[in-house]
Every structure is written in C-alpha cells, then in structure tokens.
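File shown: run_2.csv. Contents: CSV, C-alpha atoms and all ligand atoms.
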chain,number,residue,atom,x,y,z
A,267,MET,CA,91.5,-147.5,-58.2
A,268,THR,CA,95.1,-146.9,-59.3
A,269,GLY,CA,96.6,-144.6,-56.6
A,270,LEU,CA,100.1,-145.0,-55.3
A,271,PRO,CA,100.0,-147.8,-52.7
A,272,HIS,CA,99.8,-146.6,-49.0
A,273,THR,CA,100.8,-148.9,-46.2
A,274,PRO,CA,99.1,-147.9,-42.9
A,275,ARG,CA,101.2,-148.6,-39.8
A,276,SER,CA,99.7,-146.5,-37.0
A,277,VAL,CA,96.1,-145.8,-37.6
A,278,LEU,CA,93.9,-143.3,-35.7
A,279,VAL,CA,90.2,-144.5,-35.9
A,280,THR,CA,87.9,-141.8,-34.7
A,281,GLY,CA,84.4,-143.0,-33.5
A,282,GLY,CA,85.8,-146.6,-33.2
A,283,ALA,CA,83.3,-147.4,-30.4
A,284,GLY,CA,80.4,-146.8,-32.7
A,285,PHE,CA,78.7,-149.2,-35.1
A,286,ILE,CA,80.9,-149.1,-38.2
A,287,GLY,CA,84.1,-147.9,-36.4
A,288,ALA,CA,84.1,-150.9,-34.1
A,289,ASN,CA,83.7,-153.3,-37.0
A,290,PHE,CA,86.5,-151.5,-38.8
A,291,VAL,CA,88.9,-151.6,-35.8
A,292,GLU,CA,88.4,-155.4,-35.7
A,293,HIS,CA,88.9,-155.7,-39.4
A,294,LEU,CA,92.2,-153.8,-39.4
A,295,LEU,CA,93.7,-155.7,-36.4
A,296,ASP,CA,92.6,-159.1,-37.9
A,297,LYS,CA,93.8,-158.4,-41.4
A,298,ASP,CA,97.2,-156.8,-40.8
A,299,GLN,CA,99.4,-158.1,-38.1
A,300,ASN,CA,101.8,-155.1,-38.5
A,301,ILE,CA,99.2,-152.5,-37.8
A,302,ARG,CA,98.6,-150.5,-34.6
A,303,VAL,CA,95.3,-148.9,-34.0
A,304,THR,CA,94.4,-146.0,-31.7
A,305,THR,CA,90.6,-145.6,-31.2
A,306,LEU,CA,89.5,-142.1,-30.2
A,307,ASP,CA,85.9,-141.9,-29.1
A,308,ALA,CA,83.9,-139.7,-26.8
A,309,LEU,CA,81.5,-142.5,-25.9
A,310,THR,CA,78.4,-140.5,-26.6
A,311,TYR,CA,74.9,-142.3,-26.5
A,312,ALA,CA,75.9,-143.8,-29.9
A,313,GLY,CA,79.1,-145.4,-28.8
A,314,SER,CA,79.9,-148.2,-26.3
A,315,ILE,CA,83.1,-149.6,-25.0
A,316,ASP,CA,81.4,-153.0,-25.2
A,317,ASN,CA,81.5,-152.7,-29.0
A,318,LEU,CA,85.3,-153.0,-28.6
A,319,ARG,CA,85.3,-156.1,-26.4
A,320,ASN,CA,87.1,-158.2,-29.0
A,321,VAL,CA,90.0,-155.9,-29.3
A,322,MET,CA,90.5,-154.3,-25.8
A,323,SER,CA,93.1,-156.8,-24.8
A,324,ASN,CA,95.0,-156.7,-28.1
A,325,LEU,CA,98.4,-155.2,-27.5
A,326,ARG,CA,98.3,-153.4,-30.9
A,327,HIS,CA,95.2,-151.5,-29.9
A,328,ARG,CA,94.9,-148.5,-27.6
A,329,PHE,CA,91.6,-146.8,-26.6
A,330,THR,CA,91.4,-143.1,-25.8
A,331,ASN,CA,88.2,-141.7,-24.4
A,332,GLY,CA,88.1,-138.2,-25.8
A,333,ASP,CA,86.4,-135.7,-28.0
A,334,ILE,CA,87.5,-134.9,-31.6
A,335,THR,CA,86.8,-131.2,-31.0
A,336,ASP,CA,89.5,-131.2,-28.3
A,337,ALA,CA,92.5,-129.8,-30.3
A,338,ASP,CA,95.1,-130.4,-27.6
A,339,LEU,CA,94.1,-134.0,-27.1
A,340,VAL,CA,94.0,-134.7,-30.8
A,341,LYS,CA,97.4,-133.2,-31.3
A,342,ARG,CA,98.8,-135.3,-28.4
A,343,VAL,CA,97.4,-138.5,-29.9
A,344,PHE,CA,99.0,-137.7,-33.3
A,345,ALA,CA,102.4,-137.2,-31.6
A,346,GLU,CA,102.3,-140.0,-29.0
A,347,ASP,CA,101.1,-142.7,-31.4
A,348,GLU,CA,103.0,-141.5,-34.4
A,349,ILE,CA,99.9,-141.6,-36.5
A,350,ASP,CA,100.4,-142.0,-40.2
A,351,THR,CA,96.7,-142.8,-41.2
A,352,VAL,CA,93.4,-141.3,-40.0
A,353,VAL,CA,90.1,-143.1,-40.6
A,354,HIS,CA,87.5,-140.6,-39.5
A,355,PHE,CA,84.2,-142.2,-38.5
A,356,ALA,CA,83.3,-140.0,-35.4
A,357,ALA,CA,80.1,-138.2,-36.1
A,358,GLU,CA,76.7,-137.4,-34.8
A,359,SER,CA,74.9,-139.8,-37.1
A,360,HIS,CA,71.2,-140.3,-36.1
A,361,VAL,CA,69.1,-138.3,-38.5
A,362,ASP,CA,66.1,-138.1,-36.2
A,363,ARG,CA,68.2,-136.6,-33.5
A,364,SER,CA,69.6,-134.0,-36.0
A,365,ILE,CA,66.0,-132.8,-36.5
A,366,THR,CA,65.4,-132.3,-32.8
A,367,GLY,CA,68.9,-131.1,-31.8
A,368,PRO,CA,71.0,-129.9,-34.8
A,369,ALA,CA,73.7,-128.0,-32.7
A,370,ALA,CA,75.6,-131.2,-31.7
A,371,PHE,CA,75.7,-132.2,-35.4
A,372,VAL,CA,77.4,-129.0,-36.5
A,373,HIS,CA,79.8,-129.1,-33.6
A,374,THR,CA,81.0,-132.7,-34.0
A,375,ASN,CA,80.7,-133.2,-37.7
A,376,VAL,CA,82.0,-129.8,-38.9
A,377,VAL,CA,84.1,-128.4,-36.0
A,378,GLY,CA,85.4,-131.9,-35.1
A,379,THR,CA,86.4,-132.7,-38.7
A,380,PHE,CA,88.1,-129.3,-38.9
A,381,THR,CA,90.0,-130.0,-35.6
A,382,LEU,CA,91.3,-133.3,-37.0
A,383,LEU,CA,92.3,-131.7,-40.3
A,384,GLU,CA,94.3,-129.0,-38.5
A,385,ALA,CA,96.0,-131.6,-36.3
A,386,ALA,CA,96.9,-133.7,-39.5
A,387,ARG,CA,98.2,-130.6,-41.3
A,388,SER,CA,100.4,-129.6,-38.4
A,389,ALA,CA,101.7,-133.2,-37.7
A,390,TRP,CA,102.4,-134.1,-41.3
A,391,PRO,CA,104.0,-131.0,-43.0
A,392,ALA,CA,104.6,-132.0,-46.7
A,393,ARG,CA,104.5,-135.8,-45.9
A,394,LYS,CA,103.2,-138.0,-48.7
A,395,ASP,CA,103.4,-141.3,-46.9
A,396,VAL,CA,100.3,-140.5,-44.8
A,397,ARG,CA,96.5,-140.6,-45.4
A,398,PHE,CA,93.5,-138.8,-44.0
A,399,HIS,CA,90.4,-140.9,-44.9
A,400,HIS,CA,87.0,-139.3,-44.3
A,401,VAL,CA,84.0,-141.6,-44.0
A,402,SER,CA,80.8,-140.0,-45.3
A,403,THR,CA,77.3,-140.9,-46.4
A,404,ASP,CA,75.3,-141.0,-49.6
A,405,GLU,CA,72.7,-138.7,-47.8
A,406,VAL,CA,74.9,-135.7,-48.8
A,407,PHE,CA,73.5,-136.1,-52.4
A,408,GLY,CA,69.8,-135.6,-51.3
A,409,SER,CA,66.9,-137.6,-52.4
A,410,LEU,CA,66.2,-139.6,-55.7
A,411,SER,CA,62.9,-140.2,-57.4
A,412,GLU,CA,61.8,-143.7,-58.2
A,413,SER,CA,63.2,-143.5,-61.7
A,414,ASP,CA,66.5,-141.6,-61.2
A,415,PRO,CA,69.7,-143.4,-61.8
A,416,PRO,CA,71.8,-144.1,-58.6
A,417,PHE,CA,74.2,-141.4,-57.2
A,418,SER,CA,77.7,-141.3,-58.7
A,419,GLU,CA,80.9,-139.5,-57.8
A,420,VAL,CA,79.8,-136.5,-59.8
A,421,THR,CA,76.3,-136.1,-58.4
A,422,PRO,CA,75.9,-132.5,-57.0
A,423,TYR,CA,75.6,-132.2,-53.3
A,424,SER,CA,72.0,-131.5,-52.1
A,425,PRO,CA,71.7,-132.4,-48.4
A,426,ASN,CA,68.2,-132.2,-46.9
A,427,SER,CA,68.6,-132.8,-43.1
A,428,PRO,CA,70.9,-131.1,-40.5
A,429,TYR,CA,72.7,-134.5,-40.4
A,430,SER,CA,73.4,-134.7,-44.1
A,431,ALA,CA,74.2,-130.9,-44.3
A,432,SER,CA,76.8,-131.2,-41.5
A,433,LYS,CA,78.3,-134.3,-43.2
A,434,ALA,CA,78.4,-132.4,-46.5
A,435,GLY,CA,80.2,-129.5,-44.8
A,436,SER,CA,82.8,-131.9,-43.4
A,437,ASP,CA,83.3,-133.5,-46.9
A,438,HIS,CA,83.9,-130.0,-48.4
A,439,LEU,CA,86.4,-129.2,-45.7
A,440,VAL,CA,88.4,-132.4,-46.2
A,441,ARG,CA,88.4,-131.8,-50.0
A,442,ALA,CA,89.5,-128.2,-49.5
A,443,TYR,CA,92.5,-129.3,-47.2
A,444,HIS,CA,93.7,-131.4,-50.1
A,445,HIS,CA,93.3,-128.7,-52.7
A,446,THR,CA,94.7,-125.9,-50.5
A,447,TYR,CA,97.3,-127.6,-48.4
A,448,GLY,CA,98.0,-130.8,-50.3
A,449,LEU,CA,96.9,-133.0,-47.4
A,450,PRO,CA,96.7,-136.6,-48.8
A,451,ILE,CA,93.0,-137.3,-48.3
A,452,THR,CA,90.4,-139.8,-49.6
A,453,ILE,CA,86.7,-139.7,-49.1
A,454,THR,CA,84.0,-142.4,-49.3
A,455,ASN,CA,80.3,-141.9,-49.3
A,456,CYS,CA,78.4,-145.1,-48.4
A,457,SER,CA,74.8,-146.2,-48.4
A,458,ASN,CA,72.9,-147.7,-45.4
A,459,ASN,CA,74.9,-150.3,-43.3
A,460,TYR,CA,73.5,-153.1,-41.2
A,461,GLY,CA,75.1,-155.7,-39.0
A,462,PRO,CA,76.7,-156.3,-35.6
A,463,TYR,CA,77.1,-153.4,-33.1
A,464,GLN,CA,74.4,-151.2,-34.7
A,465,HIS,CA,72.7,-148.9,-32.2
A,466,ALA,CA,69.3,-150.2,-30.9
A,467,GLU,CA,67.4,-147.1,-32.1
A,468,LYS,CA,68.2,-147.7,-35.8
A,469,PHE,CA,65.7,-149.2,-38.2
A,470,ILE,CA,66.6,-152.9,-38.5
A,471,PRO,CA,67.4,-153.3,-34.7
A,472,THR,CA,64.1,-151.5,-33.9
A,473,VAL,CA,62.1,-153.9,-36.1
A,474,ILE,CA,63.8,-157.0,-34.5
A,475,ARG,CA,63.6,-155.7,-30.9
A,476,SER,CA,60.0,-154.6,-31.2
A,477,ALA,CA,58.9,-157.8,-32.9
A,478,LEU,CA,60.5,-160.1,-30.3
A,479,ALA,CA,59.0,-158.0,-27.5
A,480,GLY,CA,55.5,-158.3,-29.1
A,481,LYS,CA,55.3,-154.5,-29.3
A,482,PRO,CA,54.1,-152.4,-32.3
A,483,ILE,CA,56.8,-152.2,-35.0
A,484,PRO,CA,57.0,-148.5,-36.0
A,485,ILE,CA,57.1,-147.8,-39.7
A,486,TYR,CA,57.4,-144.2,-40.9
A,487,GLY,CA,54.4,-143.3,-43.1
A,488,ALA,CA,53.5,-146.2,-45.5
A,489,GLY,CA,57.1,-147.5,-45.4
A,490,LEU,CA,57.7,-146.7,-49.1
A,491,ASN,CA,61.0,-144.9,-48.6
A,492,VAL,CA,63.8,-146.7,-50.4
A,493,ARG,CA,67.4,-147.3,-49.1
A,494,ASP,CA,70.4,-149.2,-50.5
A,495,TRP,CA,71.7,-151.6,-48.0
A,496,LEU,CA,75.2,-152.9,-47.4
A,497,TYR,CA,76.5,-155.4,-44.8
A,498,VAL,CA,78.9,-153.4,-42.5
A,499,THR,CA,82.0,-155.6,-43.0
A,500,ASP,CA,81.7,-155.1,-46.8
A,501,HIS,CA,81.9,-151.4,-46.1
A,502,CYS,CA,85.0,-151.9,-43.9
A,503,THR,CA,86.7,-153.9,-46.7
A,504,ALA,CA,85.9,-151.2,-49.2
A,505,ILE,CA,87.3,-148.4,-46.9
A,506,ASP,CA,90.5,-150.5,-46.3
A,507,ALA,CA,90.9,-150.9,-50.1
A,508,VAL,CA,90.5,-147.1,-50.6
A,509,ILE,CA,93.1,-146.3,-47.9
A,510,ARG,CA,95.7,-148.7,-49.4
A,511,ARG,CA,95.0,-148.3,-53.1
A,512,GLY,CA,92.8,-145.2,-53.6
A,513,ARG,CA,93.9,-142.1,-55.5
A,514,VAL,CA,94.7,-139.2,-53.2
A,515,GLY,CA,92.2,-136.4,-53.5
A,516,GLU,CA,89.5,-138.8,-54.8
A,517,THR,CA,86.0,-139.5,-53.7
A,518,TYR,CA,84.6,-143.1,-53.9
A,519,LEU,CA,81.0,-144.1,-53.6
A,520,ILE,CA,80.3,-147.4,-51.9
A,521,GLY,CA,76.9,-149.2,-52.1
A,522,GLY,CA,75.4,-152.7,-52.1
A,523,ARG,CA,73.2,-152.3,-55.2
A,524,SER,CA,70.5,-153.7,-53.0
A,525,GLU,CA,67.7,-151.2,-52.8
A,526,ARG,CA,64.7,-152.1,-50.7
A,527,ARG,CA,61.6,-150.3,-49.4
A,528,ASN,CA,61.5,-150.0,-45.6
A,529,ILE,CA,58.2,-151.9,-45.5
A,530,ASP,CA,59.7,-154.8,-47.5
A,531,ILE,CA,62.7,-155.0,-45.2
A,532,ALA,CA,60.4,-155.0,-42.1
A,533,ARG,CA,58.2,-157.7,-43.7
A,534,GLU,CA,61.2,-159.9,-44.6
A,535,ILE,CA,62.6,-159.6,-41.0
A,536,CYS,CA,59.1,-160.6,-39.6
A,537,GLY,CA,59.1,-163.6,-41.9
A,538,ILE,CA,62.5,-164.8,-40.7
A,539,LEU,CA,61.5,-164.3,-37.1
A,540,ASP,CA,58.2,-166.2,-37.7
A,541,GLU,CA,60.4,-169.2,-38.5
A,542,LYS,CA,63.2,-168.8,-36.0
A,543,SER,CA,61.2,-167.7,-33.0
A,544,PRO,CA,57.4,-168.2,-33.7
A,545,PRO,CA,55.2,-165.7,-32.0
A,546,LYS,CA,52.6,-166.9,-29.4
A,547,LYS,CA,49.8,-165.9,-31.8
A,548,GLY,CA,49.4,-164.5,-35.3
A,549,LEU,CA,52.4,-163.3,-37.3
A,550,TYR,CA,55.1,-160.7,-36.4
A,551,SER,CA,54.0,-158.7,-39.4
A,552,ASP,CA,50.6,-158.1,-37.6
A,553,LEU,CA,52.7,-155.7,-35.3
A,554,LEU,CA,53.7,-153.4,-38.2
A,555,THR,CA,52.3,-150.0,-37.3
A,556,SER,CA,52.5,-146.8,-39.4
A,557,VAL,CA,53.7,-143.7,-37.4
A,558,THR,CA,54.0,-140.1,-38.3
A,559,ASP,CA,56.6,-139.6,-41.0
A,560,ARG,CA,60.0,-138.0,-40.3
A,561,LEU,CA,60.1,-134.3,-41.2
A,562,GLY,CA,61.6,-133.8,-44.7
A,563,HIS,CA,62.0,-137.6,-45.0
A,564,ASP,CA,64.2,-138.3,-48.1
A,565,PHE,CA,62.3,-140.7,-50.5
A,566,ARG,CA,65.2,-142.7,-51.9
A,567,TYR,CA,69.0,-142.9,-51.8
B,601,LIG,P1,77.6,-144.2,-34.8
B,601,LIG,O1,76.7,-143.1,-34.4
B,601,LIG,O2,77.2,-145.6,-34.5
B,601,LIG,O3,79.0,-144.0,-34.1
B,601,LIG,C1,79.6,-142.7,-34.0
B,601,LIG,C2,80.7,-142.8,-33.0
B,601,LIG,O4,81.3,-141.5,-32.9
B,601,LIG,C3,80.2,-143.2,-31.6
B,601,LIG,O5,81.0,-144.2,-31.0
B,601,LIG,C4,80.3,-141.9,-30.8
B,601,LIG,O6,80.6,-142.1,-29.4
B,601,LIG,C5,81.5,-141.2,-31.5
B,601,LIG,N1,81.5,-139.8,-31.4
B,601,LIG,C6,80.4,-138.9,-31.6
B,601,LIG,N2,80.8,-137.6,-31.3
B,601,LIG,C7,82.1,-137.7,-31.0
B,601,LIG,C8,83.0,-136.7,-30.7
B,601,LIG,N3,82.7,-135.4,-30.7
B,601,LIG,N4,84.3,-137.1,-30.4
B,601,LIG,C9,84.7,-138.4,-30.5
B,601,LIG,N5,83.8,-139.4,-30.7
B,601,LIG,C10,82.5,-139.0,-31.0
B,601,LIG,O7,77.9,-144.0,-36.3
B,601,LIG,P2,78.1,-145.1,-37.5
B,601,LIG,O8,76.7,-145.6,-38.0
B,601,LIG,O9,79.1,-146.1,-37.1
B,601,LIG,O10,78.7,-144.2,-38.6
B,601,LIG,C11,80.1,-143.9,-38.6
B,601,LIG,C12,80.4,-142.9,-39.8
B,601,LIG,O11,79.9,-143.5,-41.0
B,601,LIG,C13,79.6,-141.6,-39.6
B,601,LIG,O12,80.5,-140.6,-40.0
B,601,LIG,C14,78.5,-141.7,-40.6
B,601,LIG,O13,78.2,-140.4,-41.1
B,601,LIG,C15,79.1,-142.6,-41.6
B,601,LIG,N6,78.1,-143.5,-42.4
B,601,LIG,C16,77.2,-144.2,-41.7
B,601,LIG,C17,76.3,-145.1,-42.4
B,601,LIG,C18,75.4,-146.0,-41.6
B,601,LIG,O14,74.5,-146.6,-42.3
B,601,LIG,N7,75.4,-146.1,-40.3
B,601,LIG,C19,76.3,-145.0,-43.8
B,601,LIG,C20,77.2,-144.2,-44.4
B,601,LIG,C21,78.1,-143.4,-43.7
If you convert what's in this file into structure tokens, what do you get?
Amino acid sequence: MTGLPHTPRSVLVTGGAGFIGANFVEHLLDKDQNIRVTTLDALTYAGSIDNLRNVMSNLRHRFTNGDITDADLVKRVFAEDEIDTVVHFAAESHVDRSITGPAAFVHTNVVGTFTLLEAARSAWPARKDVRFHHVSTDEVFGSLSESDPPFSEVTPYSPNSPYSASKAGSDHLVRAYHHTYGLPITITNCSNNYGPYQHAEKFIPTVIRSALAGKPIPIYGAGLNVRDWLYVTDHCTAIDAVIRRGRVGETYLIGGRSERRNIDIAREICGILDEKSPPKKGLYSDLLTSVTDRLGHDFRY
C-alpha cells in the first residue's frame, strides 16, 4: 500500500453497534487519542447499544440512533460533526435472513450506501483530505471449488445470495462514485470474522451456545463448506491501515489464510469445551446434528 497518507480526525462509523463496527470503534478510540468518532446505527436486530458499552462514556465518541437511508439525518451528521472520514459497516449481513426476506438487504445495502455516497459528495466537493471507506465481503466473488486458488483483487464478481448480490451492488456504486465524481474511496473485501460482540445466531456463537445448553448443534448438510476465518480485531487493524495508507480508488482483500470446514470448526470448539466445561455425560461433539442445507449454499470462499 503506497497511497498518500490520510489522517482521520472526525470519523463517521456506520453500523458501529454491530459486531465488527463495535470492535472498530473501540480500536479507533484506543489507538488514536486525536480522533473523534460518531457512530450511526439504526439498532436493528443485529445491533446492540451494549456492544458500545466500553466507549459510551468516552467524550470523543457520539452515538446517533438513525438509519443510513435517512438522507436528511445523514447530511446533518456530516455537517454537525465535520466528518472527514466515513467507515461504512452498516448493512443487513445475515445470509439466511437474506434468503427469507431480501427486500431489507436491497434497501439498506444498496439504497443506504447510495444515500451515504450522496451525502459525502455534497459535503466534500473537490476535497482530497477526506476518505469514504466501504467495508465489504469476499462473498461478492461467489463460490470456489476445492482446488481453486483464493480470491484476489481481480477476481470477477459472481454473487450468489441476495446478501452478496446487494453487497456487490454497493461495491459497484462506491467504485463508480470515485470514477465519476472523484470521491476519494477505498474498499475492502474480507473473509469470515469471529470474536467478541458477534451476533448469537452466527455459526461459532451458535455452536458454543447450543453445546453449553446441551442442545443439538445444527450443522448445515455434512458441514463440508469451507470458510476462511479471521479474528475481528485483525480485520479492524487492516481497515485502519487501508484508511491511512491505502491508495484512493483501490480495492484490498483481507483474509486470515485460515481455511476450515464448518464441521472441523465445530468439532474443535466441542473439544475445547470438553476440557473447559466438561459435559455431564458423553462429549459435546455427540450433539452435532446435520440440518437441511441452506438454499444455494456457497461451497468455499
Ligand atoms: P452486523 O450485522 O453485526 O452489524 C450491522 C450493523 O448495522 C448493526 O448494528 C445494525 O443495527 C446496523 N444497521 C443495519 N441496517 C442499518 C441501517 N439501515 N441504518 C443504520 N444502521 C443499520 O454486521 P457485521 O458482521 O459487523 O458486518 C459489518 C460489515 O462488514 C457488513 O457490511 C458486512 O457485509 C461486512 N463483512 C462482515 C463479515 C463477517 O464475517 N461478519 C465479513 C466480511 C465483511
């Protein structure tokens, strides 16, 4: 990365009450004592004010409860807090919900991103000392076979779920605002994150919660789907580096180079729990239970 250095001073973090956003807000406030952070979050089922408990009394942090599709609100936040950097996490992000209810995904992920881009364009005419960073996913590239090489920055887009398709749409809009209007943007596409503040219905929290409750641990199909895993604070460190040192207009892929089959992750967690909190009888892995596979489930990212 050899872009011109950018020094964020007043950062708008959208979706900062969600899993990765909350970790990122903590990271920014800890790392840079000269930074102010505004968190804008609609507190949907996916977000929780409790995720921000470590920063709510920080005088350099302000929380605004609101929707990124609310153009007047977004415009007001840009003006009032003199925003010079946007880090855009807010999204509908749960793939299974995108299969049962895709409309919210198109609204938040596409229309919401468009609303933020328009606000940035109008607040920052011709400014170069600003950044719009868009946080995206490796799922926009579709599914790999067992022998394919990993995704790279030039892999063609091939999204398969309403979630990944709406994220792909938002990536394209962000890129187009750079190309058309010269908006100083960067984009990152990251693989699966795990760590504190992750929502209870995601894979790793579900395995832990079900095991400790002595309930069946649901595994899609035979659990052979492969994901690359990254600890959430490593993702935050990478985003911070891209904001400060990334080249404007560029896309960066972030991954852990740590591919695992779902069944292997689940078995490993069960093994750790067997030691830390032994079950009353048998082994936690006895609870592993195959359930009907997700529609159009991507094999490997
Ligand atoms: P999350 O679902 O935990 O959090 C999303 C946050 O956005 C929530 O706090 C929610 O309340 C908020 N939000 C939703 N709709 C909103 C709206 N219309 N207006 C304002 N706020 C709204 O998501 P996450 O796992 O933290 O992911 C954050 C971003 O990172 C997403 O854009 C996602 O696509 C991307 N990403 C996630 C992963 C992962 O493994 N979790 C991997 C790569 C990329």
Distance limit 6 Å, reference ligand LIG 601 (chain B), atoms considered: all atoms listed in the file. Which residues make the cut? Give them as JSON, numbers by chain.
{"A": [281, 282, 283, 284, 285, 286, 287, 307, 308, 309, 310, 312, 313, 332, 333, 334, 335, 355, 356, 357, 358, 359, 374, 401, 402, 403, 456, 457, 458, 459]}
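Considering only C-alpha atoms, the residue among A:Ala504, A:Phe371, A:Leu478, A:Ala385 positioned nearest to Ala431 (chain A) is A:Phe371.
Neighbours of Asp506 (chain A) closer than or equal to 10 Å, with all atoms listed in the file counted and sequence neighbours fewer than 6 positions away skipped, come out as Pro274, Phe290, His293, Leu294, Lys297, Val353, His399, Asp500 and Gly512 of chain A.
Closest approach to Ile485 (chain A) among A:Thr555, A:Thr503, A:Asn455, A:Ser436: A:Thr555, based on all atoms listed in the file.
For the residues A:Leu519, A:Val514, A:Val321, A:Leu383, ranking by smallest atom-to-atom distance to Ile451 (chain A) using all atoms listed in the file places A:Val514 first.
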Show which residues sit within 10 Å of Ala370 (chain A), as a VMD selection string. Count all atoms listed in the file, and ignore same-chain residues fewer than 3 positions away.
chain A and resid 357 to 358 363 to 364 367 373 to 377 428 to 429 432
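As for CA of Leu278 (chain A) and CA of Tyr423 (chain A), they are spaced 27.7 Å apart.
Residues in contact with Val406 (chain A) at 6 Å, where only C-alpha atoms are counted and same-chain residues fewer than 3 positions away are skipped, are listed as Tyr423, Pro425, Ser430 and Ala434 of chain A.
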Put those residues in a file: C-alpha atoms, as a short mmCIF file (atom, residue, chain, number, x, y, z; two decimals), keeping the file's coordinate frame.
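That gives us part_6.cif:
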data_model
loop_
_atom_site.label_atom_id
_atom_site.label_comp_id
_atom_site.auth_asym_id
_atom_site.auth_seq_id
_atom_site.Cartn_x
_atom_site.Cartn_y
_atom_site.Cartn_z
CA TYR A 423 75.60 -132.20 -53.30
CA PRO A 425 71.70 -132.40 -48.40
CA SER A 430 73.40 -134.70 -44.10
CA ALA A 434 78.40 -132.40 -46.50
#
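Take CA of Pro368 (chain A) and CA of Ser314 (chain A): the distance between them is 22.1 Å.
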Let me make sure I understand: among A:Val340, A:Asp494, A:Gly489, A:Asp540, which one has the smallest atom-to-atom distance to Glu405 (chain A) if we use only C-alpha atoms?
A:Asp494
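You will find CA of Tyr550 (chain A) at 7.4 Å from CA of Gly537 (chain A).
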Need the neighbours of (73.8, -148.3, -55.1): which residues are at most 6 Å away, counting only C-alpha atoms, as a compact mmCIF listing (two decimals) with C-alpha atoms, in the coordinates of the input?
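Saved the output as part.txt:
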# COMPACT_ATOMS: atom_id res chain seq x y z
CA PRO A 416 71.80 -144.10 -58.60
CA ASP A 494 70.40 -149.20 -50.50
CA GLY A 521 76.90 -149.20 -52.10
CA GLY A 522 75.40 -152.70 -52.10
CA ARG A 523 73.20 -152.30 -55.20
Do you know which residues lie at most 12 Å from (58.3, -134.3, -42.5), with coordinates as in the file and only C-alpha atoms counted, and could you write them as a PDB file with C-alpha atoms, keeping the file's coordinate frame?
ATOM      1  CA  ASP A 362      66.100-138.100 -36.200  1.00  0.00           C
ATOM      2  CA  ILE A 365      66.000-132.800 -36.500  1.00  0.00           C
ATOM      3  CA  ASN A 426      68.200-132.200 -46.900  1.00  0.00           C
ATOM      4  CA  SER A 427      68.600-132.800 -43.100  1.00  0.00           C
ATOM      5  CA  TYR A 486      57.400-144.200 -40.900  1.00  0.00           C
ATOM      6  CA  GLY A 487      54.400-143.300 -43.100  1.00  0.00           C
ATOM      7  CA  VAL A 557      53.700-143.700 -37.400  1.00  0.00           C
ATOM      8  CA  THR A 558      54.000-140.100 -38.300  1.00  0.00           C
ATOM      9  CA  ASP A 559      56.600-139.600 -41.000  1.00  0.00           C
ATOM     10  CA  ARG A 560      60.000-138.000 -40.300  1.00  0.00           C
ATOM     11  CA  LEU A 561      60.100-134.300 -41.200  1.00  0.00           C
ATOM     12  CA  GLY A 562      61.600-133.800 -44.700  1.00  0.00           C
ATOM     13  CA  HIS A 563      62.000-137.600 -45.000  1.00  0.00           C
ATOM     14  CA  ASP A 564      64.200-138.300 -48.100  1.00  0.00           C
ATOM     15  CA  PHE A 565      62.300-140.700 -50.500  1.00  0.00           C
TER      16      PHE A 565
END
Just checking: using all atoms listed in the file, which residue out of A:His400, A:Arg387, A:Arg326, A:His360 ends up closest to Ile509 (chain A)?
A:His400
Region 469-474 of chain A rebuilt with all heavy atoms, output as an mmCIF file, keeping the file's coordinate frame:
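As written to disk, selection-v1.cif reads:
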data_model
loop_
_atom_site.group_PDB
_atom_site.id
_atom_site.type_symbol
_atom_site.label_atom_id
_atom_site.label_comp_id
_atom_site.auth_asym_id
_atom_site.auth_seq_id
_atom_site.Cartn_x
_atom_site.Cartn_y
_atom_site.Cartn_z
ATOM 1 N N PHE A 469 66.873 -148.511 -37.664
ATOM 2 C CA PHE A 469 65.700 -149.200 -38.200
ATOM 3 C C PHE A 469 65.651 -150.682 -38.043
ATOM 4 O O PHE A 469 64.694 -151.226 -37.462
ATOM 5 C CB PHE A 469 65.564 -148.783 -39.722
ATOM 6 C CG PHE A 469 64.419 -149.446 -40.427
ATOM 7 C CD1 PHE A 469 63.109 -149.256 -39.994
ATOM 8 C CD2 PHE A 469 64.639 -150.272 -41.518
ATOM 9 C CE1 PHE A 469 62.041 -149.871 -40.642
ATOM 10 C CE2 PHE A 469 63.581 -150.888 -42.171
ATOM 11 C CZ PHE A 469 62.284 -150.692 -41.731
ATOM 12 N N ILE A 470 66.673 -151.382 -38.515
ATOM 13 C CA ILE A 470 66.600 -152.900 -38.500
ATOM 14 C C ILE A 470 66.626 -153.359 -37.013
ATOM 15 O O ILE A 470 65.790 -154.213 -36.650
ATOM 16 C CB ILE A 470 67.746 -153.469 -39.331
ATOM 17 C CG1 ILE A 470 67.393 -153.252 -40.809
ATOM 18 C CG2 ILE A 470 67.947 -154.960 -39.026
ATOM 19 C CD1 ILE A 470 68.417 -153.765 -41.819
ATOM 20 N N PRO A 471 67.509 -152.846 -36.125
ATOM 21 C CA PRO A 471 67.400 -153.300 -34.700
ATOM 22 C C PRO A 471 66.053 -152.987 -34.094
ATOM 23 O O PRO A 471 65.541 -153.787 -33.302
ATOM 24 C CB PRO A 471 68.525 -152.479 -34.021
ATOM 25 C CG PRO A 471 69.506 -152.179 -35.101
ATOM 26 C CD PRO A 471 68.693 -151.995 -36.347
ATOM 27 N N THR A 472 65.444 -151.853 -34.472
ATOM 28 C CA THR A 472 64.100 -151.500 -33.900
ATOM 29 C C THR A 472 63.071 -152.527 -34.342
ATOM 30 O O THR A 472 62.231 -152.951 -33.530
ATOM 31 C CB THR A 472 63.693 -150.092 -34.362
ATOM 32 O OG1 THR A 472 64.637 -149.166 -33.846
ATOM 33 C CG2 THR A 472 62.312 -149.728 -33.852
ATOM 34 N N VAL A 473 63.128 -152.928 -35.608
ATOM 35 C CA VAL A 473 62.100 -153.900 -36.100
ATOM 36 C C VAL A 473 62.311 -155.226 -35.314
ATOM 37 O O VAL A 473 61.334 -155.794 -34.805
ATOM 38 C CB VAL A 473 62.335 -154.156 -37.621
ATOM 39 C CG1 VAL A 473 61.465 -155.325 -38.089
ATOM 40 C CG2 VAL A 473 62.002 -152.892 -38.409
ATOM 41 N N ILE A 474 63.547 -155.697 -35.181
ATOM 42 C CA ILE A 474 63.800 -157.000 -34.500
ATOM 43 C C ILE A 474 63.381 -156.917 -33.039
ATOM 44 O O ILE A 474 62.661 -157.777 -32.524
ATOM 45 C CB ILE A 474 65.277 -157.394 -34.643
ATOM 46 C CG1 ILE A 474 65.655 -157.576 -36.119
ATOM 47 C CG2 ILE A 474 65.557 -158.676 -33.845
ATOM 48 C CD1 ILE A 474 67.137 -157.755 -36.367
#
